[in-house]
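K.L.:
So that we are looking at the same thing, I have put the structure below in structure tokens.
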Amino acid sequence: MKKVLAVLLVVVMVLSLTACGGGVSTGTYKLTGLTMKMGDQEIDYMELAKAMGMEDTDLGYLEIIDDKNAVMKSIDEDEQKLTYDDKYFYAADGSDDQKIAYKASGKKITFTYEEDGTEMVMTFEK
């Protein structure tokens, strides 16, 4: 009986460790940061939106549907269907070949996008 319990405990611990990896977990992540850097100038769109009276719930979200599909909505934008892998998010319709690099850490996902000397950083938190 002790051996069965020990094996069961080991299996449960291994499964819990693999579930705690640095990957993306399903659920809804609220947009908590949106900045754009152009040369020496940095614009914090979250501060601007809040100064204009927008509520936190109006600012946007990222919903992870499953292990490859997601939906994103950001300030005053329509929902956009996305797909993703272990390094990038992509437009789901395939019409846009841009890829957006991301990092997932705990309950936080950060997008980083650079083009023509402009860098955009979006942060989403569960």
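Each chain in the structure tokens gets a letter, A, B, ..., in the order shown, and its residues are numbered from 1; ligands are numbered from 1 in order too.
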Quick one: everything within 12 Å of Thr83 in chain A, counting only C-alpha atoms, minus sequence neighbours fewer than 2 positions away in the same chain. Send it as a PyMOL selection string.

P.N.:
chain A and resi 62-72+80-81+85-94+96-100

K.L.:
Between A:Thr26, A:Ile109, A:Glu125, A:Glu119, which one has atoms that come closest to Glu42 in chain A, using only C-alpha atoms?

P.N.:
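Ranking A:Thr26, A:Ile109, A:Glu125, A:Glu119 by distance to Glu42 in chain A, first place goes to A:Glu119.
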
K.L.:
Of the candidates A:Lys108, A:Glu77, A:Gly39, A:Leu59, which one gets nearest to Val24 in chain A if we count only C-alpha atoms?

P.N.:
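For Val24 in chain A, the nearest of the candidates is A:Lys108.
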
K.L.:
Rounded to one decimal place, report the CA of Tyr61 in chain A-CA of Gln41 in chain A distance in Å.

P.N.:
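A separation of 25.5 Å between them.
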
K.L.:
Please list as a list in words every residue within 12 Å of Met54 in chain A, counting only C-alpha atoms and excluding residues in the same chain fewer than 6 positions away.

P.N.:
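Result of the neighbour search: Tyr45, Met46, Glu47, Leu48, Gly60, Ile75 and Asp76 of chain A.
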
K.L.:
Which one is closest to Thr123 in chain A: A:Asp56, A:Leu34, A:Lys107, A:Asp44? Count only C-alpha atoms.

P.N.:
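Under the stated criterion, the closest residue is A:Leu34.
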
K.L.:
Just how far from CA of Met38 in chain A is CA of Glu79 in chain A, in Å to one decimal?

P.N.:
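Those two atoms sit 25.7 Å apart.
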
K.L.:
Between CA of Gly117 in chain A and CA of Gly33 in chain A, what is the distance in Å, rounded to a tenth?

P.N.:
19.9 Å

K.L.:
Give the answer as one residue: which of A:Leu82, A:Ala49, A:Met36, A:Ile43 has the shortest atom-to-atom distance to Tyr113 in chain A, using only C-alpha atoms?

P.N.:
A:Met36
